[in-house]
file start_8.txt (compact mmCIF, C-alpha atoms)
# COMPACT_ATOMS: atom_id res chain seq x y z
CA MET A 1 121.08 75.64 105.35
CA MET A 2 119.02 72.79 106.76
CA VAL A 3 116.04 71.00 105.20
CA ILE A 4 113.52 69.42 107.54
CA GLU A 5 110.37 67.41 106.88
CA LYS A 6 107.20 68.03 108.88
CA SER A 7 103.72 66.54 108.75
CA GLY A 8 100.45 67.73 110.24
CA LYS A 9 96.92 68.95 109.63
CA ASP A 10 97.52 72.62 110.39
CA ILE A 11 100.34 74.58 108.71
CA GLU A 12 100.31 77.25 111.46
CA LYS A 13 100.91 74.56 114.09
CA ILE A 14 103.78 73.18 112.01
CA TYR A 15 105.30 76.69 111.85
CA ASP A 16 104.95 77.01 115.63
CA GLU A 17 106.70 73.64 116.07
CA VAL A 18 109.60 74.78 113.87
CA LYS A 19 109.92 78.03 115.85
CA LYS A 20 109.96 76.13 119.17
CA GLU A 21 112.55 73.64 117.94
CA HIS A 22 114.88 76.09 116.22
CA GLY A 23 114.16 79.38 117.99
CA THR A 24 113.74 82.81 116.54
CA ASN A 25 117.34 82.86 115.30
CA CYS A 26 116.32 81.37 111.94
CA LEU A 27 114.40 82.16 108.80
CA PHE A 28 112.46 79.38 107.19
CA VAL A 29 110.34 78.88 104.11
CA VAL A 30 108.25 76.00 102.79
CA ALA A 31 110.22 74.49 99.91
CA SER A 32 107.50 72.03 98.89
CA LYS A 33 104.12 70.93 100.10
CA LYS A 34 102.34 67.65 99.41
CA LYS A 35 98.68 67.31 100.26
CA LYS A 36 97.57 63.98 101.66
CA ILE A 37 94.08 62.99 102.70
CA LEU A 38 94.42 63.80 106.40
CA LYS A 39 97.60 65.87 106.62
CA ASP A 40 100.13 68.05 104.82
CA ASN A 41 103.70 66.93 104.24
CA LEU A 42 106.02 69.93 104.23
CA SER A 43 109.63 70.22 103.23
CA ILE A 44 111.00 73.30 105.02
CA ASN A 45 114.26 75.11 104.32
CA LEU A 46 115.86 76.65 107.39
CA ILE A 47 118.73 79.14 107.64
CA THR A 48 120.19 80.65 110.80
CA TYR A 49 120.89 84.38 111.04
CA ASP A 50 124.62 83.56 111.22
CA GLU A 51 124.48 81.61 107.96
CA LEU A 52 122.39 84.35 106.39
CA ALA A 53 124.82 87.08 107.50
CA ILE A 54 127.77 85.16 105.99
CA GLU A 55 125.83 84.73 102.74
CA LEU A 56 124.96 88.44 102.64
CA ALA A 57 128.55 89.47 103.38
CA GLU A 58 129.74 87.37 100.42
CA PHE A 59 127.00 88.83 98.21
CA LEU A 60 127.94 92.39 99.26
CA LYS A 61 131.63 91.74 98.59
CA GLU A 62 130.82 90.56 95.08
CA LEU A 63 128.51 93.55 94.57
CA ILE A 64 131.13 96.15 95.51
CA GLU A 65 133.83 94.34 93.51
CA ASN A 66 131.56 94.70 90.46
CA MET A 67 131.66 98.45 91.22
CA ASN A 68 135.50 98.24 91.10
CA ILE A 69 135.71 98.92 94.82
CA GLU A 70 137.87 96.86 97.18
CA GLY A 71 136.63 96.41 100.70
CA THR A 72 136.04 94.21 103.69
CA ILE A 73 132.67 93.33 105.15
CA GLU A 74 132.10 92.55 108.81
CA TYR A 75 128.87 91.42 110.39
CA LYS A 76 127.35 90.96 113.80
CA ILE A 77 123.96 89.78 114.99
CA ASP A 78 122.25 91.36 117.95
CA ASP A 79 118.68 90.61 119.03
CA SER A 80 117.74 89.17 115.58
CA ILE A 81 119.14 92.24 113.80
CA ILE A 82 121.88 91.70 111.22
CA TYR A 83 124.44 94.52 111.20
CA LEU A 84 126.69 94.65 108.14
CA ASN A 85 129.59 97.10 107.87
CA ILE A 86 131.61 97.80 104.73
CA ASP A 87 135.04 99.36 104.97
CA SER A 88 136.42 100.13 101.53
CA ASN A 89 138.98 102.11 99.58
CA ASN A 90 136.14 104.38 98.41
CA ASN A 91 133.55 104.78 101.14
CA ASN A 92 132.18 108.03 99.65
CA ILE A 93 131.00 106.24 96.49
CA LEU A 94 129.28 103.54 98.56
CA ILE A 95 127.56 106.13 100.76
CA GLY A 96 126.45 108.46 97.96
CA LYS A 97 124.78 111.85 98.37
CA ASN A 98 122.88 111.94 101.67
CA GLY A 99 123.40 108.17 102.01
CA ARG A 100 121.34 107.32 98.89
CA THR A 101 123.74 104.67 97.54
CA LEU A 102 123.98 103.11 100.99
CA LYS A 103 120.17 102.97 101.18
CA ALA A 104 120.01 101.44 97.67
CA LEU A 105 122.53 98.72 98.65
CA GLU A 106 120.45 97.95 101.75
CA THR A 107 117.32 97.66 99.56
CA ILE A 108 119.10 95.26 97.17
CA ILE A 109 120.13 93.04 100.11
CA LYS A 110 116.62 92.98 101.56
CA GLN A 111 115.15 92.16 98.13
CA LYS A 112 117.61 89.27 97.71
CA ILE A 113 116.50 87.80 101.04
CA PHE A 114 112.81 88.31 100.26
CA VAL A 115 113.06 86.56 96.86
CA VAL A 116 114.54 83.44 98.48
CA TRP A 117 113.03 83.46 101.98
CA GLU A 118 109.76 85.42 101.53
CA SER A 119 110.72 87.36 104.65
CA ILE A 120 112.86 90.39 105.46
CA PRO A 121 114.69 90.38 108.79
CA LYS A 122 115.90 93.67 110.27
CA ILE A 123 119.15 94.58 108.49
CA ILE A 124 121.28 97.64 109.12
CA LEU A 125 123.98 98.34 106.54
CA ASN A 126 126.75 100.80 107.34
CA VAL A 127 129.81 102.09 105.48
CA GLY A 128 132.69 103.13 107.70
CA ASN A 129 131.01 105.05 110.51
CA TYR A 130 128.60 106.93 108.25
CA ARG A 131 125.43 106.20 110.23
CA GLU A 132 126.95 107.28 113.54
CA LYS A 133 128.37 110.48 111.98
CA ARG A 134 125.07 111.25 110.25
CA GLU A 135 123.13 110.65 113.47
CA SER A 136 125.41 113.10 115.31
CA GLN A 137 124.92 115.70 112.56
CA ILE A 138 121.13 115.34 112.72
CA ILE A 139 121.06 115.64 116.52
CA ARG A 140 123.21 118.80 116.30
CA LEU A 141 120.89 120.23 113.62
CA ALA A 142 117.80 119.42 115.73
CA LYS A 143 119.25 121.08 118.85
CA LYS A 144 120.42 124.18 116.95
CA THR A 145 117.03 124.57 115.25
CA ALA A 146 115.25 123.96 118.57
CA ARG A 147 117.16 126.85 120.17
CA GLU A 148 116.21 129.13 117.25
CA VAL A 149 112.52 128.18 117.37
CA LYS A 150 112.39 128.66 121.16
CA TYR A 151 113.99 132.09 120.85
CA THR A 152 112.04 133.39 117.81
CA LYS A 153 108.80 131.40 118.36
CA ILE A 154 108.78 130.93 114.54
CA ASP A 155 108.28 127.40 113.12
CA ALA A 156 111.24 125.94 111.20
CA THR A 157 111.06 123.58 108.21
CA LEU A 158 113.95 121.12 107.85
CA GLU A 159 115.31 119.47 104.71
CA ASN A 160 113.82 116.26 103.31
CA MET A 161 114.87 113.22 105.33
CA ASN A 162 114.25 109.49 105.34
CA ALA A 163 112.18 107.82 108.06
CA TYR A 164 115.22 106.87 110.17
CA GLU A 165 116.54 110.46 110.18
CA ARG A 166 113.11 111.93 110.92
CA ARG A 167 112.78 109.59 113.92
CA ILE A 168 116.05 111.01 115.32
CA ILE A 169 114.65 114.56 114.99
CA HIS A 170 111.33 113.60 116.62
CA ASN A 171 113.15 111.91 119.54
CA THR A 172 115.53 114.83 120.05
CA ILE A 173 112.80 117.50 119.97
CA SER A 174 110.58 115.47 122.33
CA GLU A 175 112.98 116.52 125.10
CA TYR A 176 111.92 120.18 124.65
CA GLU A 177 108.79 121.06 126.60
CA LYS A 178 107.78 124.07 124.45
CA LEU A 179 108.39 122.41 121.05
CA THR A 180 106.67 119.82 118.90
CA THR A 181 107.37 118.22 115.52
CA GLU A 182 105.27 117.29 112.53
CA SER A 183 106.23 115.24 109.46
CA VAL A 184 104.74 116.59 106.23
CA GLY A 185 104.92 115.74 102.52
CA GLU A 186 105.17 112.50 100.58
CA GLU A 187 108.25 110.30 100.22
CA PRO A 188 110.93 111.07 99.08
CA ASN A 189 110.07 114.71 99.87
CA ARG A 190 108.89 114.13 103.41
CA HIS A 191 110.33 116.54 105.98
CA ILE A 192 109.82 117.80 109.52
CA ILE A 193 108.51 121.10 110.79
CA ILE A 194 109.64 122.05 114.29
CA LYS A 195 106.86 124.09 115.90
CA TYR A 196 106.62 126.29 118.95
CA LYS A 197 103.71 125.27 121.23
CA ARG A 198 101.43 128.23 121.70
call {"tool": "encode", "arguments": {"input": "start_8.txt", "output": "structure tokens"}}
result
Amino acid sequence: MMVIEKSGKDIEKIYDEVKKEHGTNCLFVVASKKKKILKDNLSINLITYDELAIELAEFLKELIENMNIEGTIEYKIDDSIIYLNIDSNNNNILIGKNGRTLKALETIIKQKIFVVWESIPKIILNVGNYREKRESQIIRLAKKTAREVKYTKIDATLENMNAYERRIIHNTISEYEKLTTESVGEEPNRHIIIKYKR
């Protein structure tokens, strides 16, 4: 982490300066602010996505060890998205039913970042290859249901899904000319209806 000092009349301009100097590959937060007569003096904490990913990997390792689970955490950064992958001796526990534990772990990580940095970068947490397998399952379900709806012309209601899973269904069904989708209900009971266009 780096601490830099900046002075100026306009905080937004100071932020823009920091972004130009250090790029979009960092998070930063004002650590302290001193008001002077004509300008603000800011002390700004800066962390790169690489440093943040390392910090989060260490935090995750400690978290799963407290659950009595041994595992390794790998990370990569692509287009300002932090991808974290856990591979453990008990992936099923870390995934949970319908990925609920995985989602909860992701929420904890994002909250930790927000508390310190007042910002939440895009983070995708995975355990083993769960997300890829789940995505394949959802695409297969969407295609199977699409065939049934096309044949019977009767709308089909799918199980409750999170926003990420619903997006996969919407995208898959968008390829079918005679079908459309609609999300209904309130979280966590929001689900999709696949409809035949009449």
call {"tool": "closest_residue", "arguments": {"input": "start_8.txt", "among": "A:Arg140, A:Lys122, A:Arg134, A:Arg166", "to": "A:Val184", "atoms": "all atoms listed in the file"}}
result
A:Arg166
call {"tool": "atom_distance", "arguments": {"input": "start_8.txt", "atom1": "atom CA of A:Ile82", "atom2": "atom CA of A:Ile124"}}
result
6.3 Å
call {"tool": "closest_residue", "arguments": {"input": "start_8.txt", "among": "A:Arg167, A:Lys97, A:His22, A:His191", "to": "A:Tyr130", "atoms": "all atoms listed in the file"}}
result
A:Lys97
call {"tool": "closest_residue", "arguments": {"input": "start_8.txt", "among": "A:Leu125, A:Met67, A:Cys26, A:Val149", "to": "A:Thr48", "atoms": "all atoms listed in the file"}}
result
A:Cys26
call {"tool": "residues_near_point", "arguments": {"input": "start_8.txt", "point": "(110.4, 125.1, 109.2)", "cutoff": "10 Å", "atoms": "only C-alpha atoms", "output": "JSON, numbers by chain"}}
result
{"A": [145, 149, 154, 155, 156, 157, 158, 159, 181, 182, 191, 192, 193, 194, 195]}
call {"tool": "residues_around", "arguments": {"input": "start_8.txt", "residues": "stretch 172-178 of chain A", "least_positions_apart": "6", "cutoff": "9 Å", "atoms": "only C-alpha atoms", "output": "list in words"}}
result
Ile139, Ala142, Lys143, Ala146, Lys150, Ile194, Lys195, Tyr196, Lys197 and Arg198 of chain A
call {"tool": "atom_distance", "arguments": {"input": "start_8.txt", "atom1": "atom CA of A:Ile138", "atom2": "atom CA of A:Tyr83"}}
result
21.1 Å
call {"tool": "residues_around", "arguments": {"input": "start_8.txt", "residues": "stretch 52-54 of chain A", "least_positions_apart": "5", "cutoff": "10 Å", "atoms": "all atoms listed in the file", "output": "ChimeraX atom specification"}}
result
/A:1,26-27,47,59-60,73-77,81-84,113,123
call {"tool": "decode", "arguments": {"input": "start_8.txt", "residues": "stretch 85-128 of chain A", "atoms": "N, CA and C atoms", "output": "PDB file, in the first residue's frame"}}
result
ATOM      1  N   ASN A  85      -9.853 -18.252  -6.801  1.00  0.00           N
ATOM      2  CA  ASN A  85     -10.300 -19.644  -6.880  1.00  0.00           C
ATOM      3  C   ASN A  85      -9.757 -20.430  -5.693  1.00  0.00           C
ATOM      4  N   ILE A  86     -10.667 -21.098  -4.996  1.00  0.00           N
ATOM      5  CA  ILE A  86     -10.279 -21.945  -3.862  1.00  0.00           C
ATOM      6  C   ILE A  86     -10.310 -23.392  -4.329  1.00  0.00           C
ATOM      7  N   ASP A  87      -9.265 -24.129  -3.993  1.00  0.00           N
ATOM      8  CA  ASP A  87      -9.267 -25.571  -4.223  1.00  0.00           C
ATOM      9  C   ASP A  87      -8.959 -26.208  -2.876  1.00  0.00           C
ATOM     10  N   SER A  88      -9.911 -26.976  -2.351  1.00  0.00           N
ATOM     11  CA  SER A  88      -9.769 -27.451  -0.976  1.00  0.00           C
ATOM     12  C   SER A  88     -10.020 -28.947  -0.871  1.00  0.00           C
ATOM     13  N   ASN A  89      -9.836 -29.447   0.360  1.00  0.00           N
ATOM     14  CA  ASN A  89     -10.111 -30.855   0.628  1.00  0.00           C
ATOM     15  C   ASN A  89     -11.607 -31.089   0.865  1.00  0.00           C
ATOM     16  N   ASN A  90     -12.401 -30.001   0.840  1.00  0.00           N
ATOM     17  CA  ASN A  90     -13.844 -30.138   1.040  1.00  0.00           C
ATOM     18  C   ASN A  90     -14.586 -29.050   0.271  1.00  0.00           C
ATOM     19  N   ASN A  91     -14.503 -29.120  -1.040  1.00  0.00           N
ATOM     20  CA  ASN A  91     -15.137 -28.104  -1.883  1.00  0.00           C
ATOM     21  C   ASN A  91     -16.644 -28.020  -1.689  1.00  0.00           C
ATOM     22  N   ASN A  92     -17.295 -29.173  -1.443  1.00  0.00           N
ATOM     23  CA  ASN A  92     -18.757 -29.177  -1.290  1.00  0.00           C
ATOM     24  C   ASN A  92     -19.232 -28.284  -0.148  1.00  0.00           C
ATOM     25  N   ILE A  93     -18.489 -28.300   0.964  1.00  0.00           N
ATOM     26  CA  ILE A  93     -18.864 -27.445   2.114  1.00  0.00           C
ATOM     27  C   ILE A  93     -18.737 -25.979   1.719  1.00  0.00           C
ATOM     28  N   LEU A  94     -17.657 -25.636   1.007  1.00  0.00           N
ATOM     29  CA  LEU A  94     -17.431 -24.239   0.621  1.00  0.00           C
ATOM     30  C   LEU A  94     -18.428 -23.756  -0.429  1.00  0.00           C
ATOM     31  N   ILE A  95     -18.942 -24.673  -1.232  1.00  0.00           N
ATOM     32  CA  ILE A  95     -19.941 -24.291  -2.237  1.00  0.00           C
ATOM     33  C   ILE A  95     -21.307 -24.154  -1.586  1.00  0.00           C
ATOM     34  N   GLY A  96     -21.706 -25.140  -0.792  1.00  0.00           N
ATOM     35  CA  GLY A  96     -23.018 -25.121  -0.141  1.00  0.00           C
ATOM     36  C   GLY A  96     -24.133 -25.438  -1.127  1.00  0.00           C
ATOM     37  N   LYS A  97     -25.345 -25.533  -0.609  1.00  0.00           N
ATOM     38  CA  LYS A  97     -26.501 -25.864  -1.451  1.00  0.00           C
ATOM     39  C   LYS A  97     -26.755 -24.739  -2.441  1.00  0.00           C
ATOM     40  N   ASN A  98     -26.792 -25.095  -3.714  1.00  0.00           N
ATOM     41  CA  ASN A  98     -27.004 -24.123  -4.805  1.00  0.00           C
ATOM     42  C   ASN A  98     -26.021 -22.948  -4.760  1.00  0.00           C
ATOM     43  N   GLY A  99     -24.814 -23.212  -4.226  1.00  0.00           N
ATOM     44  CA  GLY A  99     -23.780 -22.178  -4.210  1.00  0.00           C
ATOM     45  C   GLY A  99     -23.971 -21.110  -3.148  1.00  0.00           C
ATOM     46  N   ARG A 100     -24.813 -21.378  -2.135  1.00  0.00           N
ATOM     47  CA  ARG A 100     -25.113 -20.338  -1.130  1.00  0.00           C
ATOM     48  C   ARG A 100     -23.906 -19.977  -0.272  1.00  0.00           C
ATOM     49  N   THR A 101     -23.128 -20.988   0.134  1.00  0.00           N
ATOM     50  CA  THR A 101     -21.944 -20.703   0.962  1.00  0.00           C
ATOM     51  C   THR A 101     -20.913 -19.926   0.155  1.00  0.00           C
ATOM     52  N   LEU A 102     -20.750 -20.315  -1.100  1.00  0.00           N
ATOM     53  CA  LEU A 102     -19.839 -19.603  -2.004  1.00  0.00           C
ATOM     54  C   LEU A 102     -20.245 -18.134  -2.118  1.00  0.00           C
ATOM     55  N   LYS A 103     -21.531 -17.892  -2.296  1.00  0.00           N
ATOM     56  CA  LYS A 103     -22.051 -16.524  -2.408  1.00  0.00           C
ATOM     57  C   LYS A 103     -21.814 -15.751  -1.103  1.00  0.00           C
ATOM     58  N   ALA A 104     -22.008 -16.426   0.037  1.00  0.00           N
ATOM     59  CA  ALA A 104     -21.793 -15.778   1.344  1.00  0.00           C
ATOM     60  C   ALA A 104     -20.325 -15.398   1.526  1.00  0.00           C
ATOM     61  N   LEU A 105     -19.415 -16.284   1.112  1.00  0.00           N
ATOM     62  CA  LEU A 105     -17.968 -15.988   1.200  1.00  0.00           C
ATOM     63  C   LEU A 105     -17.622 -14.778   0.333  1.00  0.00           C
ATOM     64  N   GLU A 106     -18.213 -14.728  -0.864  1.00  0.00           N
ATOM     65  CA  GLU A 106     -17.984 -13.594  -1.769  1.00  0.00           C
ATOM     66  C   GLU A 106     -18.473 -12.293  -1.137  1.00  0.00           C
ATOM     67  N   THR A 107     -19.631 -12.357  -0.472  1.00  0.00           N
ATOM     68  CA  THR A 107     -20.192 -11.171   0.206  1.00  0.00           C
ATOM     69  C   THR A 107     -19.275 -10.702   1.330  1.00  0.00           C
ATOM     70  N   ILE A 108     -18.733 -11.654   2.098  1.00  0.00           N
ATOM     71  CA  ILE A 108     -17.817 -11.308   3.205  1.00  0.00           C
ATOM     72  C   ILE A 108     -16.585 -10.587   2.659  1.00  0.00           C
ATOM     73  N   ILE A 109     -16.039 -11.094   1.563  1.00  0.00           N
ATOM     74  CA  ILE A 109     -14.852 -10.477   0.946  1.00  0.00           C
ATOM     75  C   ILE A 109     -15.160  -9.048   0.502  1.00  0.00           C
ATOM     76  N   LYS A 110     -16.289  -8.881  -0.190  1.00  0.00           N
ATOM     77  CA  LYS A 110     -16.658  -7.551  -0.683  1.00  0.00           C
ATOM     78  C   LYS A 110     -16.877  -6.576   0.476  1.00  0.00           C
ATOM     79  N   GLN A 111     -17.475  -7.073   1.561  1.00  0.00           N
ATOM     80  CA  GLN A 111     -17.719  -6.220   2.728  1.00  0.00           C
ATOM     81  C   GLN A 111     -16.402  -5.793   3.364  1.00  0.00           C
ATOM     82  N   LYS A 112     -15.446  -6.728   3.417  1.00  0.00           N
ATOM     83  CA  LYS A 112     -14.123  -6.405   3.987  1.00  0.00           C
ATOM     84  C   LYS A 112     -13.471  -5.277   3.190  1.00  0.00           C
ATOM     85  N   ILE A 113     -13.545  -5.366   1.861  1.00  0.00           N
ATOM     86  CA  ILE A 113     -12.959  -4.315   1.022  1.00  0.00           C
ATOM     87  C   ILE A 113     -13.689  -2.996   1.233  1.00  0.00           C
ATOM     88  N   PHE A 114     -15.014  -3.046   1.283  1.00  0.00           N
ATOM     89  CA  PHE A 114     -15.794  -1.819   1.409  1.00  0.00           C
ATOM     90  C   PHE A 114     -15.503  -1.099   2.720  1.00  0.00           C
ATOM     91  N   VAL A 115     -15.363  -1.861   3.813  1.00  0.00           N
ATOM     92  CA  VAL A 115     -15.094  -1.256   5.126  1.00  0.00           C
ATOM     93  C   VAL A 115     -13.803  -0.453   5.089  1.00  0.00           C
ATOM     94  N   VAL A 116     -12.775  -0.998   4.421  1.00  0.00           N
ATOM     95  CA  VAL A 116     -11.464  -0.331   4.393  1.00  0.00           C
ATOM     96  C   VAL A 116     -11.382   0.705   3.279  1.00  0.00           C
ATOM     97  N   TRP A 117     -11.890   0.347   2.067  1.00  0.00           N
ATOM     98  CA  TRP A 117     -11.628   1.157   0.885  1.00  0.00           C
ATOM     99  C   TRP A 117     -12.842   1.935   0.377  1.00  0.00           C
ATOM    100  N   GLU A 118     -14.003   1.742   1.015  1.00  0.00           N
ATOM    101  CA  GLU A 118     -15.230   2.460   0.642  1.00  0.00           C
ATOM    102  C   GLU A 118     -15.572   2.263  -0.835  1.00  0.00           C
ATOM    103  N   SER A 119     -15.171   1.124  -1.363  1.00  0.00           N
ATOM    104  CA  SER A 119     -15.392   0.812  -2.776  1.00  0.00           C
ATOM    105  C   SER A 119     -15.386  -0.703  -2.917  1.00  0.00           C
ATOM    106  N   ILE A 120     -16.152  -1.215  -3.890  1.00  0.00           N
ATOM    107  CA  ILE A 120     -16.162  -2.655  -4.126  1.00  0.00           C
ATOM    108  C   ILE A 120     -15.814  -2.923  -5.590  1.00  0.00           C
ATOM    109  N   PRO A 121     -14.597  -3.402  -5.844  1.00  0.00           N
ATOM    110  CA  PRO A 121     -14.264  -3.765  -7.224  1.00  0.00           C
ATOM    111  C   PRO A 121     -15.004  -5.040  -7.609  1.00  0.00           C
ATOM    112  N   LYS A 122     -15.009  -5.366  -8.873  1.00  0.00           N
ATOM    113  CA  LYS A 122     -15.657  -6.597  -9.343  1.00  0.00           C
ATOM    114  C   LYS A 122     -14.805  -7.773  -8.899  1.00  0.00           C
ATOM    115  N   ILE A 123     -15.427  -8.686  -8.118  1.00  0.00           N
ATOM    116  CA  ILE A 123     -14.729  -9.865  -7.612  1.00  0.00           C
ATOM    117  C   ILE A 123     -15.545 -11.097  -7.973  1.00  0.00           C
ATOM    118  N   ILE A 124     -14.890 -12.109  -8.499  1.00  0.00           N
ATOM    119  CA  ILE A 124     -15.566 -13.368  -8.790  1.00  0.00           C
ATOM    120  C   ILE A 124     -14.838 -14.471  -8.028  1.00  0.00           C
ATOM    121  N   LEU A 125     -15.563 -15.069  -7.088  1.00  0.00           N
ATOM    122  CA  LEU A 125     -15.006 -16.151  -6.262  1.00  0.00           C
ATOM    123  C   LEU A 125     -15.511 -17.481  -6.799  1.00  0.00           C
ATOM    124  N   ASN A 126     -14.606 -18.435  -6.904  1.00  0.00           N
ATOM    125  CA  ASN A 126     -14.953 -19.754  -7.425  1.00  0.00           C
ATOM    126  C   ASN A 126     -14.350 -20.810  -6.517  1.00  0.00           C
ATOM    127  N   VAL A 127     -14.990 -21.971  -6.458  1.00  0.00           N
ATOM    128  CA  VAL A 127     -14.450 -23.114  -5.716  1.00  0.00           C
ATOM    129  C   VAL A 127     -14.361 -24.265  -6.701  1.00  0.00           C
ATOM    130  N   GLY A 128     -13.126 -24.783  -6.892  1.00  0.00           N
ATOM    131  CA  GLY A 128     -12.948 -25.806  -7.919  1.00  0.00           C
ATOM    132  C   GLY A 128     -13.386 -25.220  -9.257  1.00  0.00           C
TER     133      GLY A 128
END
